[in-house]
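Asker: Please find my_file.cif (mmCIF, C-alpha atoms) on the next line:
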```
data_run
loop_
_atom_site.group_PDB
_atom_site.id
_atom_site.type_symbol
_atom_site.label_atom_id
_atom_site.label_comp_id
_atom_site.auth_asym_id
_atom_site.auth_seq_id
_atom_site.Cartn_x
_atom_site.Cartn_y
_atom_site.Cartn_z
ATOM 1 C CA MET R 248 -50.300 -39.261 -20.649
ATOM 2 C CA THR R 249 -53.167 -37.402 -22.305
ATOM 3 C CA ALA R 250 -55.990 -35.349 -20.878
ATOM 4 C CA SER R 251 -59.431 -36.805 -20.305
ATOM 5 C CA TYR R 252 -62.920 -35.489 -20.920
ATOM 6 C CA PRO R 253 -63.925 -32.643 -20.685
ATOM 7 C CA ALA R 254 -60.436 -31.139 -20.984
ATOM 8 C CA LEU R 255 -60.039 -33.340 -24.047
ATOM 9 C CA ARG R 256 -62.917 -33.234 -26.514
ATOM 10 C CA LEU R 257 -62.021 -35.067 -29.718
ATOM 11 C CA ARG R 258 -64.922 -33.388 -31.509
ATOM 12 C CA ARG R 259 -63.305 -29.976 -30.939
ATOM 13 C CA THR R 260 -61.072 -30.211 -34.007
ATOM 14 C CA ARG R 261 -63.948 -31.540 -36.126
ATOM 15 C CA ALA R 262 -66.256 -28.607 -35.441
ATOM 16 C CA SER R 263 -65.444 -26.633 -38.609
ATOM 17 C CA ALA R 264 -64.428 -27.449 -42.162
ATOM 18 C CA TRP R 265 -61.157 -25.510 -42.031
ATOM 19 C CA SER R 266 -60.135 -27.388 -38.886
ATOM 20 C CA ARG R 267 -60.996 -30.767 -40.390
ATOM 21 C CA ARG R 268 -58.776 -29.927 -43.360
ATOM 22 C CA LEU R 269 -55.995 -28.782 -41.065
ATOM 23 C CA HIS R 270 -56.052 -31.981 -39.020
ATOM 24 C CA ALA R 271 -56.508 -34.448 -41.880
ATOM 25 C CA GLU R 272 -54.020 -37.302 -41.506
ATOM 26 C CA THR R 273 -54.379 -38.439 -45.122
ATOM 27 C CA VAL R 274 -54.397 -36.274 -48.237
ATOM 28 C CA LEU R 275 -55.792 -37.245 -51.647
ATOM 29 C CA THR R 276 -54.811 -35.276 -54.765
ATOM 30 C CA PRO R 277 -55.030 -35.825 -58.532
ATOM 31 C CA ALA R 278 -51.339 -36.777 -58.401
ATOM 32 C CA ASP R 279 -52.367 -39.970 -56.572
ATOM 33 C CA LEU R 280 -54.378 -41.257 -59.543
ATOM 34 C CA ILE R 281 -53.660 -43.432 -62.580
ATOM 35 C CA TRP R 282 -56.363 -43.480 -65.265
ATOM 36 C CA PRO R 283 -56.951 -46.830 -67.061
ATOM 37 C CA LEU R 284 -58.010 -46.433 -70.707
ATOM 38 C CA PHE R 285 -59.130 -48.972 -73.317
ATOM 39 C CA ILE R 286 -57.927 -48.748 -76.926
ATOM 40 C CA ALA R 287 -60.044 -49.588 -79.984
ATOM 41 C CA GLU R 288 -59.215 -49.755 -83.673
ATOM 42 C CA GLY R 289 -60.175 -47.012 -86.100
ATOM 43 C CA GLU R 290 -60.328 -43.239 -85.974
ATOM 44 C CA GLY R 291 -62.838 -41.042 -84.214
ATOM 45 C CA VAL R 292 -64.164 -44.129 -82.416
ATOM 46 C CA GLU R 293 -65.831 -44.210 -79.008
ATOM 47 C CA GLN R 294 -67.362 -47.520 -77.932
ATOM 48 C CA PRO R 295 -69.281 -47.353 -74.627
ATOM 49 C CA ILE R 296 -68.833 -50.469 -72.475
ATOM 50 C CA ALA R 297 -72.239 -51.596 -71.221
ATOM 51 C CA SER R 298 -70.988 -53.265 -68.041
ATOM 52 C CA LEU R 299 -68.821 -50.228 -67.197
ATOM 53 C CA PRO R 300 -71.277 -47.299 -67.305
ATOM 54 C CA GLY R 301 -69.468 -44.113 -68.279
ATOM 55 C CA VAL R 302 -66.366 -45.918 -69.583
ATOM 56 C CA SER R 303 -65.589 -46.318 -73.290
ATOM 57 C CA ARG R 304 -63.011 -47.776 -75.604
ATOM 58 C CA TRP R 305 -61.308 -45.048 -77.636
ATOM 59 C CA SER R 306 -59.412 -45.107 -80.908
ATOM 60 C CA VAL R 307 -55.859 -43.793 -80.684
ATOM 61 C CA ASP R 308 -56.887 -40.205 -81.414
ATOM 62 C CA GLY R 309 -59.375 -40.410 -78.558
ATOM 63 C CA ILE R 310 -56.707 -41.850 -76.279
ATOM 64 C CA VAL R 311 -54.533 -38.842 -77.072
ATOM 65 C CA ALA R 312 -57.421 -36.538 -76.188
ATOM 66 C CA ARG R 313 -57.799 -38.344 -72.861
ATOM 67 C CA GLY R 314 -54.042 -37.938 -72.336
ATOM 68 C CA ARG R 315 -54.376 -34.169 -72.747
ATOM 69 C CA GLU R 316 -57.316 -34.232 -70.354
ATOM 70 C CA ALA R 317 -55.222 -36.134 -67.800
ATOM 71 C CA ARG R 318 -52.442 -33.558 -68.101
ATOM 72 C CA ASP R 319 -54.865 -30.675 -67.608
ATOM 73 C CA LEU R 320 -56.442 -32.371 -64.570
ATOM 74 C CA GLY R 321 -53.106 -33.070 -62.913
ATOM 75 C CA ILE R 322 -53.320 -36.857 -63.352
ATOM 76 C CA PRO R 323 -49.691 -37.932 -63.778
ATOM 77 C CA CYS R 324 -50.099 -41.293 -65.491
ATOM 78 C CA ILE R 325 -52.489 -43.290 -67.665
ATOM 79 C CA ALA R 326 -52.678 -47.072 -68.055
ATOM 80 C CA LEU R 327 -53.410 -48.663 -71.433
ATOM 81 C CA PHE R 328 -55.347 -51.826 -72.288
ATOM 82 C CA PRO R 329 -56.124 -52.863 -75.889
ATOM 83 C CA TYR R 330 -59.275 -54.382 -77.328
ATOM 84 C CA THR R 331 -57.902 -56.851 -79.881
ATOM 85 C CA GLN R 332 -60.223 -57.979 -82.659
ATOM 86 C CA VAL R 333 -61.009 -61.702 -82.683
ATOM 87 C CA GLU R 334 -59.258 -62.243 -86.007
ATOM 88 C CA ARG R 335 -55.993 -60.966 -84.481
ATOM 89 C CA ARG R 336 -56.174 -63.326 -81.501
ATOM 90 C CA THR R 337 -54.216 -66.582 -81.660
ATOM 91 C CA GLU R 338 -53.325 -69.467 -79.375
ATOM 92 C CA ASP R 339 -49.859 -67.968 -78.803
ATOM 93 C CA GLY R 340 -50.956 -64.311 -78.566
ATOM 94 C CA ARG R 341 -48.316 -63.227 -81.054
ATOM 95 C CA GLU R 342 -50.098 -59.909 -81.749
ATOM 96 C CA ALA R 343 -48.567 -58.798 -78.434
ATOM 97 C CA LEU R 344 -45.189 -58.720 -80.227
ATOM 98 C CA ASN R 345 -46.386 -56.671 -83.197
ATOM 99 C CA PRO R 346 -44.532 -53.312 -83.042
ATOM 100 C CA ASP R 347 -47.550 -51.673 -84.670
ATOM 101 C CA ASN R 348 -50.261 -53.208 -82.498
ATOM 102 C CA LEU R 349 -52.852 -50.993 -80.822
ATOM 103 C CA MET R 350 -50.837 -50.713 -77.637
ATOM 104 C CA CYS R 351 -47.709 -49.527 -79.416
ATOM 105 C CA GLN R 352 -49.650 -47.120 -81.624
ATOM 106 C CA ALA R 353 -51.220 -45.532 -78.556
ATOM 107 C CA ILE R 354 -47.913 -45.337 -76.670
ATOM 108 C CA ARG R 355 -46.192 -43.525 -79.522
ATOM 109 C CA ALA R 356 -49.100 -41.150 -80.072
ATOM 110 C CA LEU R 357 -49.269 -40.257 -76.385
ATOM 111 C CA LYS R 358 -45.543 -39.689 -76.005
ATOM 112 C CA ASP R 359 -45.570 -37.466 -79.097
ATOM 113 C CA ALA R 360 -48.586 -35.424 -77.950
ATOM 114 C CA VAL R 361 -48.233 -35.296 -74.155
ATOM 115 C CA PRO R 362 -44.757 -36.494 -73.195
ATOM 116 C CA GLU R 363 -45.211 -35.105 -69.682
ATOM 117 C CA VAL R 364 -47.886 -37.738 -68.911
ATOM 118 C CA GLY R 365 -46.582 -41.138 -67.868
ATOM 119 C CA VAL R 366 -47.703 -44.203 -69.823
ATOM 120 C CA LEU R 367 -48.154 -47.495 -67.988
ATOM 121 C CA THR R 368 -48.621 -50.593 -70.131
ATOM 122 C CA ASP R 369 -50.124 -53.950 -69.258
ATOM 123 C CA VAL R 370 -47.896 -56.954 -69.890
ATOM 124 C CA ALA R 371 -49.975 -60.137 -70.203
ATOM 125 C CA LEU R 372 -51.265 -62.174 -73.108
ATOM 126 C CA ASP R 373 -55.011 -62.247 -72.343
ATOM 127 C CA PRO R 374 -55.874 -59.354 -74.701
ATOM 128 C CA TYR R 375 -54.195 -61.306 -77.517
ATOM 129 C CA THR R 376 -54.955 -65.002 -76.954
ATOM 130 C CA SER R 377 -57.871 -66.851 -78.499
ATOM 131 C CA HIS R 378 -58.406 -68.726 -75.212
ATOM 132 C CA GLY R 379 -58.422 -65.638 -72.983
ATOM 133 C CA HIS R 380 -55.631 -66.724 -70.657
ATOM 134 C CA ASP R 381 -52.704 -64.536 -69.613
ATOM 135 C CA GLY R 382 -50.187 -67.029 -70.947
ATOM 136 C CA LEU R 383 -49.572 -69.993 -73.208
ATOM 137 C CA VAL R 384 -51.485 -73.181 -72.516
ATOM 138 C CA ASP R 385 -50.471 -76.810 -72.931
ATOM 139 C CA ALA R 386 -52.597 -79.665 -74.270
ATOM 140 C CA ALA R 387 -54.277 -80.063 -70.877
ATOM 141 C CA GLY R 388 -55.208 -76.377 -70.760
ATOM 142 C CA TYR R 389 -52.628 -75.541 -68.069
ATOM 143 C CA VAL R 390 -50.929 -72.166 -68.397
ATOM 144 C CA VAL R 391 -47.220 -72.942 -68.671
ATOM 145 C CA ASN R 392 -44.859 -70.670 -66.793
ATOM 146 C CA ASP R 393 -41.445 -70.488 -68.414
ATOM 147 C CA THR R 394 -42.370 -70.232 -72.088
ATOM 148 C CA THR R 395 -45.016 -67.680 -71.155
ATOM 149 C CA ALA R 396 -42.386 -65.648 -69.313
ATOM 150 C CA GLU R 397 -40.236 -65.599 -72.438
ATOM 151 C CA MET R 398 -43.178 -64.188 -74.422
ATOM 152 C CA LEU R 399 -43.760 -61.594 -71.732
ATOM 153 C CA VAL R 400 -40.162 -60.430 -71.963
ATOM 154 C CA ALA R 401 -40.567 -59.897 -75.702
ATOM 155 C CA GLN R 402 -43.885 -58.111 -75.123
ATOM 156 C CA ALA R 403 -42.316 -55.821 -72.507
ATOM 157 C CA LEU R 404 -39.443 -54.925 -74.830
ATOM 158 C CA ASN R 405 -41.917 -54.197 -77.625
ATOM 159 C CA GLN R 406 -43.729 -51.741 -75.388
ATOM 160 C CA ALA R 407 -40.543 -50.180 -74.025
ATOM 161 C CA ASN R 408 -39.256 -49.666 -77.571
ATOM 162 C CA ALA R 409 -42.491 -47.826 -78.374
ATOM 163 C CA GLY R 410 -41.898 -45.471 -75.440
ATOM 164 C CA ALA R 411 -43.672 -46.969 -72.415
ATOM 165 C CA ASP R 412 -42.620 -45.420 -69.111
ATOM 166 C CA ILE R 413 -43.858 -48.173 -66.782
ATOM 167 C CA ILE R 414 -44.081 -51.854 -67.638
ATOM 168 C CA ALA R 415 -46.787 -53.512 -65.527
ATOM 169 C CA PRO R 416 -46.799 -57.328 -65.745
ATOM 170 C CA SER R 417 -50.251 -58.543 -64.690
ATOM 171 C CA ASP R 418 -49.835 -62.217 -65.577
ATOM 172 C CA MET R 419 -48.590 -63.650 -62.238
ATOM 173 C CA MET R 420 -46.007 -65.969 -63.800
ATOM 174 C CA ASP R 421 -43.126 -66.891 -61.492
ATOM 175 C CA GLY R 422 -39.784 -65.280 -62.309
ATOM 176 C CA ARG R 423 -40.959 -62.916 -65.019
ATOM 177 C CA ILE R 424 -39.963 -59.715 -63.177
ATOM 178 C CA GLY R 425 -36.298 -60.682 -63.070
ATOM 179 C CA MET R 426 -36.330 -61.720 -66.718
ATOM 180 C CA ILE R 427 -38.009 -58.483 -67.818
ATOM 181 C CA ARG R 428 -35.668 -56.344 -65.722
ATOM 182 C CA ALA R 429 -32.607 -58.055 -67.195
ATOM 183 C CA ALA R 430 -33.928 -57.583 -70.734
ATOM 184 C CA LEU R 431 -34.718 -53.898 -70.160
ATOM 185 C CA GLU R 432 -31.214 -53.314 -68.809
ATOM 186 C CA ALA R 433 -29.631 -55.188 -71.712
ATOM 187 C CA GLU R 434 -31.537 -52.995 -74.191
ATOM 188 C CA SER R 435 -30.561 -49.769 -72.359
ATOM 189 C CA HIS R 436 -34.074 -49.103 -71.060
ATOM 190 C CA HIS R 437 -32.538 -48.220 -67.709
ATOM 191 C CA ASN R 438 -35.243 -45.754 -66.682
ATOM 192 C CA VAL R 439 -38.252 -47.845 -67.667
ATOM 193 C CA GLN R 440 -39.990 -48.734 -64.434
ATOM 194 C CA ILE R 441 -41.594 -52.034 -63.519
ATOM 195 C CA MET R 442 -44.803 -51.923 -61.504
ATOM 196 C CA SER R 443 -45.500 -55.539 -60.704
ATOM 197 C CA TYR R 444 -48.988 -56.887 -60.195
ATOM 198 C CA ALA R 445 -47.404 -58.717 -57.295
ATOM 199 C CA ALA R 446 -50.529 -59.715 -55.359
ATOM 200 C CA LYS R 447 -53.218 -60.258 -57.979
ATOM 201 C CA TYR R 448 -56.067 -62.394 -56.763
ATOM 202 C CA ALA R 449 -58.369 -64.691 -58.724
ATOM 203 C CA SER R 450 -61.398 -62.482 -58.232
ATOM 204 C CA ALA R 451 -65.073 -62.206 -59.132
ATOM 205 C CA PHE R 452 -64.575 -58.455 -59.574
ATOM 206 C CA TYR R 453 -62.936 -58.622 -63.038
ATOM 207 C CA GLY R 454 -65.991 -59.310 -65.198
ATOM 208 C CA PRO R 455 -66.538 -55.848 -66.723
ATOM 209 C CA PHE R 456 -62.819 -55.555 -67.521
ATOM 210 C CA ARG R 457 -62.994 -58.774 -69.511
ATOM 211 C CA ASP R 458 -65.864 -57.253 -71.481
ATOM 212 C CA ALA R 459 -63.730 -54.168 -72.079
ATOM 213 C CA VAL R 460 -60.808 -56.114 -73.563
ATOM 214 C CA GLY R 461 -62.997 -58.719 -75.260
ATOM 215 C CA SER R 462 -61.817 -61.795 -73.371
ATOM 216 C CA ARG R 463 -64.841 -62.735 -71.235
ATOM 217 C CA GLY R 464 -66.544 -64.918 -73.839
ATOM 218 C CA LEU R 465 -63.232 -66.476 -74.884
ATOM 219 C CA LEU R 466 -61.892 -67.545 -71.507
ATOM 220 C CA LYS R 467 -61.643 -71.305 -71.187
ATOM 221 C CA GLY R 468 -61.747 -72.352 -67.535
ATOM 222 C CA ASP R 469 -60.499 -69.974 -64.843
ATOM 223 C CA LYS R 470 -57.231 -68.355 -63.780
ATOM 224 C CA LYS R 471 -56.839 -69.969 -60.366
ATOM 225 C CA THR R 472 -53.618 -71.808 -61.222
ATOM 226 C CA TYR R 473 -51.739 -68.522 -61.530
ATOM 227 C CA GLN R 474 -53.755 -65.776 -59.806
ATOM 228 C CA MET R 475 -53.836 -65.899 -56.015
ATOM 229 C CA ASP R 476 -56.367 -67.639 -53.773
ATOM 230 C CA ASN R 477 -58.396 -64.998 -51.931
ATOM 231 C CA ALA R 478 -57.970 -66.959 -48.692
ATOM 232 C CA ASN R 479 -54.240 -66.198 -48.593
ATOM 233 C CA ALA R 480 -52.390 -63.234 -47.112
ATOM 234 C CA GLU R 481 -48.948 -64.600 -46.174
ATOM 235 C CA GLU R 482 -48.567 -65.809 -49.750
ATOM 236 C CA ALA R 483 -49.064 -62.231 -50.945
ATOM 237 C CA LEU R 484 -46.061 -61.154 -48.879
ATOM 238 C CA ARG R 485 -43.980 -63.918 -50.470
ATOM 239 C CA GLU R 486 -45.073 -62.798 -53.950
ATOM 240 C CA VAL R 487 -44.144 -59.191 -53.186
ATOM 241 C CA ALA R 488 -40.787 -60.175 -51.699
ATOM 242 C CA MET R 489 -39.940 -62.215 -54.790
ATOM 243 C CA ASP R 490 -40.840 -59.440 -57.220
ATOM 244 C CA LEU R 491 -38.912 -56.791 -55.286
ATOM 245 C CA ALA R 492 -35.871 -59.056 -55.154
ATOM 246 C CA GLU R 493 -36.084 -59.487 -58.928
ATOM 247 C CA GLY R 494 -36.138 -55.750 -59.638
ATOM 248 C CA ALA R 495 -39.690 -54.399 -59.380
ATOM 249 C CA ASP R 496 -39.689 -50.677 -58.612
ATOM 250 C CA THR R 497 -43.227 -50.690 -57.244
ATOM 251 C CA VAL R 498 -45.860 -53.315 -56.483
ATOM 252 C CA MET R 499 -49.606 -53.534 -56.873
ATOM 253 C CA VAL R 500 -52.434 -55.210 -55.012
ATOM 254 C CA LYS R 501 -55.468 -56.153 -57.117
ATOM 255 C CA PRO R 502 -58.436 -55.905 -56.560
ATOM 256 C CA GLY R 503 -58.564 -52.945 -54.202
ATOM 257 C CA LEU R 504 -61.248 -52.456 -51.582
ATOM 258 C CA PRO R 505 -61.748 -56.157 -50.705
ATOM 259 C CA TYR R 506 -57.969 -56.389 -50.127
ATOM 260 C CA LEU R 507 -57.194 -53.297 -48.028
ATOM 261 C CA ASP R 508 -55.748 -55.619 -45.388
ATOM 262 C CA ILE R 509 -53.194 -56.868 -47.923
ATOM 263 C CA ILE R 510 -52.243 -53.298 -48.853
ATOM 264 C CA VAL R 511 -51.629 -52.458 -45.197
ATOM 265 C CA ARG R 512 -49.515 -55.568 -44.633
ATOM 266 C CA VAL R 513 -47.429 -55.050 -47.775
ATOM 267 C CA ARG R 514 -46.725 -51.424 -46.938
ATOM 268 C CA GLN R 515 -45.781 -52.225 -43.359
ATOM 269 C CA ALA R 516 -43.625 -55.211 -44.287
ATOM 270 C CA PHE R 517 -41.645 -53.676 -47.147
ATOM 271 C CA GLU R 518 -41.932 -49.861 -46.903
ATOM 272 C CA VAL R 519 -41.968 -49.528 -50.692
ATOM 273 C CA PRO R 520 -44.447 -47.731 -52.971
ATOM 274 C CA VAL R 521 -47.635 -49.804 -53.104
ATOM 275 C CA PHE R 522 -50.405 -49.212 -55.636
ATOM 276 C CA ALA R 523 -53.914 -50.598 -55.787
ATOM 277 C CA TYR R 524 -56.218 -51.216 -58.727
ATOM 278 C CA GLN R 525 -59.808 -50.250 -58.007
ATOM 279 C CA VAL R 526 -61.005 -52.791 -60.516
ATOM 280 C CA SER R 527 -63.928 -52.818 -62.903
ATOM 281 C CA GLY R 528 -66.307 -54.638 -60.573
ATOM 282 C CA GLU R 529 -65.640 -52.113 -57.830
ATOM 283 C CA TYR R 530 -66.294 -49.244 -60.235
ATOM 284 C CA ALA R 531 -69.473 -50.900 -61.512
ATOM 285 C CA MET R 532 -70.805 -51.403 -57.975
ATOM 286 C CA ILE R 533 -70.485 -47.681 -57.286
ATOM 287 C CA GLU R 534 -72.120 -46.727 -60.579
ATOM 288 C CA HIS R 535 -75.000 -49.163 -60.131
ATOM 289 C CA ALA R 536 -75.543 -47.971 -56.561
ATOM 290 C CA VAL R 537 -75.724 -44.413 -57.850
ATOM 291 C CA ALA R 538 -78.141 -45.433 -60.613
ATOM 292 C CA ALA R 539 -80.357 -47.170 -58.047
ATOM 293 C CA GLY R 540 -80.458 -44.071 -55.876
ATOM 294 C CA ALA R 541 -78.605 -45.852 -53.083
ATOM 295 C CA ALA R 542 -75.521 -43.610 -53.060
ATOM 296 C CA GLU R 543 -74.182 -40.226 -54.118
ATOM 297 C CA ARG R 544 -71.352 -40.596 -56.599
ATOM 298 C CA ASP R 545 -69.048 -37.757 -55.570
ATOM 299 C CA VAL R 546 -68.771 -38.625 -51.898
ATOM 300 C CA MET R 547 -68.557 -42.373 -52.541
ATOM 301 C CA VAL R 548 -65.776 -41.960 -55.107
ATOM 302 C CA LEU R 549 -63.693 -39.769 -52.816
ATOM 303 C CA GLU R 550 -64.327 -41.935 -49.742
ATOM 304 C CA THR R 551 -63.204 -45.124 -51.452
ATOM 305 C CA LEU R 552 -60.097 -43.478 -52.888
ATOM 306 C CA MET R 553 -59.247 -42.024 -49.485
ATOM 307 C CA ALA R 554 -59.478 -45.555 -48.059
ATOM 308 C CA PHE R 555 -56.670 -46.659 -50.383
ATOM 309 C CA LYS R 556 -54.478 -43.761 -49.336
ATOM 310 C CA ARG R 557 -55.222 -44.337 -45.653
ATOM 311 C CA ALA R 558 -54.241 -47.991 -46.061
ATOM 312 C CA GLY R 559 -50.832 -46.909 -47.354
ATOM 313 C CA CYS R 560 -51.144 -46.655 -51.133
ATOM 314 C CA SER R 561 -48.872 -44.323 -53.056
ATOM 315 C CA GLY R 562 -51.469 -44.243 -55.828
ATOM 316 C CA VAL R 563 -54.584 -45.857 -57.234
ATOM 317 C CA LEU R 564 -55.598 -47.047 -60.682
ATOM 318 C CA THR R 565 -59.244 -46.084 -60.994
ATOM 319 C CA TYR R 566 -61.784 -45.574 -63.771
ATOM 320 C CA HIS R 567 -63.066 -42.650 -61.696
ATOM 321 C CA ALA R 568 -59.715 -40.852 -62.077
ATOM 322 C CA ALA R 569 -60.921 -37.957 -64.228
ATOM 323 C CA HIS R 570 -64.086 -37.474 -62.175
ATOM 324 C CA ALA R 571 -62.145 -37.580 -58.908
ATOM 325 C CA ALA R 572 -59.515 -35.165 -60.216
ATOM 326 C CA LYS R 573 -62.233 -32.662 -61.077
ATOM 327 C CA LEU R 574 -63.697 -32.983 -57.593
ATOM 328 C CA LEU R 575 -60.249 -32.470 -56.094
ATOM 329 C CA GLY R 576 -59.653 -29.343 -58.115
ATOM 330 C CA GLY R 577 -57.400 -30.749 -60.808
#
```
Could I get this file's structure written as structure tokens?
Answerer:
Amino acid sequence: MTASYPALRLRRTRASAWSRRLHAETVLTPADLIWPLFIAEGEGVEQPIASLPGVSRWSVDGIVARGREARDLGIPCIALFPYTQVERRTEDGREALNPDNLMCQAIRALKDAVPEVGVLTDVALDPYTSHGHDGLVDAAGYVVNDTTAEMLVAQALNQANAGADIIAPSDMMDGRIGMIRAALEAESHHNVQIMSYAAKYASAFYGPFRDAVGSRGLLKGDKKTYQMDNANAEEALREVAMDLAEGADTVMVKPGLPYLDIIVRVRQAFEVPVFAYQVSGEYAMIEHAVAAGAAERDVMVLETLMAFKRAGCSGVLTYHAAHAAKLLGG
């Protein structure tokens, strides 16, 4: 039994800032953040992305500078995504297997310069294919599962050999987690983690990201035959269960804010580390609201990130990572 009003006044512990801090049920720190970064060719290059205000592509030297910034801010991990020139894109996405591609160059440079910062790498073919899909397509334009998974295994090994700490398959092919885990073990990459994009939805919130990696204008059709239907929640639990059974260390829900219910259900069902990706469209909505005078950036950034933590996330991939870390005292 609990007391009733006026013996119990729930506002009592909210009356001062120190008390609100003391009674906070959820804590957000820079250590909860992963910073996604886009890689461009060249040296000394910064390419602002129009649909992602405040976000740029960086050449490898710039990526290294961002890695040092992450370290100094207390951000433990960065996520890498390459912008592949059109002439390097092919139907089979074979540039993904090039040991000197942009991704591998950036991995090596980061691990040489700031080895204490974790490097998470995207495993999918959409940055490398001429058709913009995450996998290989047949004559009918259908993304085929098993041959794509074989390519993804080779891509994951390429990244692990370059020094990646976390392999993050974002393709949503069936069975690829088990195949990648077996290959990593066979090649003695025992401590390379797998963070599976286990519940990745076919979403309208990915547009600015596709601009960032150069695939928006190339994409033929949509990705609904492999990314999840946004009407489905039970299916997300099946996807997570499959990936954990195959050897995923952690799982991700993507997008973030529109799918907080999925995050809660995954965390409650499996009691494993769950991450969310606050995707490009979510970031852009905040920035455009700020630009329109409809919101104040600092409080909106922290409130949305706190929502992920409150829902049960162990961490969040967010383009606001550096800004949030500064606000949090990183």
Asker: Please expand the PyMOL selection byres ((chain R and resi 547-557) around 9) into the concrete residues it hits in this file, giving the result as a ChimeraX atom specification.
Answerer: /R:272-275,279,503-504,507,510-511,522-523,525,530,533,542-546,558-563,565,567,570-571,574-575
Asker: Between R:Ala569, R:Leu465, R:Tyr506, R:Val460, which residue has the minimum interatomic distance to Arg318 (chain R), considering only C-alpha atoms?
Answerer: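 Smallest separation from Arg318 (chain R) among the options: R:Ala569.
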Asker: Got a sec to check which residues sit within 12 Å of (-48.6, -51.2, -84.3), counting all atoms listed in the file, and write them as a list in words?
Answerer: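 With a cut-off of 12 Å, the residues come to Glu288, Val307, Pro329, Thr331, Glu342, Ala343, Leu344, Asn345, Pro346, Asp347, Asn348, Leu349, Met350, Cys351, Gln352, Ala353, Ile354, Arg355, Ala356, Asn405, Gln406, Asn408 and Ala409 of chain R.
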Asker: What is the distance between CA of Leu466 (chain R) and CA of Asp369 (chain R), in Å to one decimal?
Answerer: 18.1 Å
Asker: Can you tell me how far CA of Pro277 (chain R) sits from CA of Ala407 (chain R), in Å to one decimal?
Answerer: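 CA of Pro277 (chain R) sits 25.6 Å away from CA of Ala407 (chain R).
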Asker: Let me make sure I understand: among R:Asp490, R:Glu397, R:Asp339, R:Asp359, which one has the smallest atom-to-atom distance to Val384 (chain R) if we use all atoms listed in the file?
Answerer: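 Once distances to Val384 (chain R) are computed over all atoms listed in the file, the minimum belongs to R:Asp339.
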Asker: Ranking R:Lys447, R:Ala483, R:Ile286, R:Ala403 by minimum distance to Glu434 (chain R) and counting all atoms listed in the file, which one comes first?
Answerer: R:Ala403
Asker: Which one of R:Phe517, R:Tyr389, R:Gly461, R:Leu299 sits closest to Glu334 (chain R) if you count all atoms listed in the file?
Answerer: R:Gly461
Asker: R:Leu269, R:Leu404, R:Leu484, R:Met398: which is nearest His437 (chain R), counting all atoms listed in the file?
Answerer: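 Under the stated criterion, the closest residue is R:Leu404.
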Asker: What is the distance between CA of Glu316 (chain R) and CA of Ser417 (chain R), in Å to one decimal?
Answerer: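 Interatomic distance here is 25.9 Å.
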Asker: Contacts of Ala572 (chain R) at 9 Å or less, counting all atoms listed in the file, minus same-chain residues fewer than 5 places along, as a ChimeraX atom specification?
Answerer: /R:276-278,280,317,320-322,567,577
Asker: From the options R:Ser306, R:Gln332, R:Ser462, R:Ser298, which residue's atoms come nearest to Asp381 (chain R), counting all atoms listed in the file?
Answerer: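 Nearest to Asp381 (chain R): R:Ser462.
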Asker: Is it possible to get the residues within 12 Å of (-41.6, -62.9, -70.6) (coordinates as in the file, counting all atoms listed in the file) written as an MDAnalysis selection string?
Answerer: chainID R and resid 343:344 370:372 381:383 391:405 414:431
Asker: Applied to the shown file, which residues does the PyMOL selection byres ((chain R and resi 479) around 12) return, written as number ranges by chain?
Answerer: R: 446-449, 474-478, 480-486, 506, 508-509
Asker: As JSON, please: the centre and edge lengths in Å, to one decimal, of an axis-aligned box enclosing every listed atom of region 447-453 of chain R with 4 Å added on each side.
Answerer:
```
{"center_x": -59.1, "center_y": -61.6, "center_z": -59.9, "size_x": 19.9, "size_y": 14.2, "size_z": 14.3}
```
Asker: Using the chain letters and residue numbers of this document, give as a list of chain:residue names the residues selected by the PyMOL selection byres ((chain R and resi 498) around 6).
Answerer: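 Here the PyMOL selection byres ((chain R and resi 498) around 6) matches R:Met442, R:Ser443, R:Ala445, R:Thr497, R:Met499, R:Val521.
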Asker: So that I can see what lies close to Trp305 (chain R), please list as a PyMOL selection string the residues with an atom at most 8 Å from it, counting all atoms listed in the file and leaving out residues fewer than 2 positions away in the same chain.
Answerer: chain R and resi 284-288+291-294+303+307-310
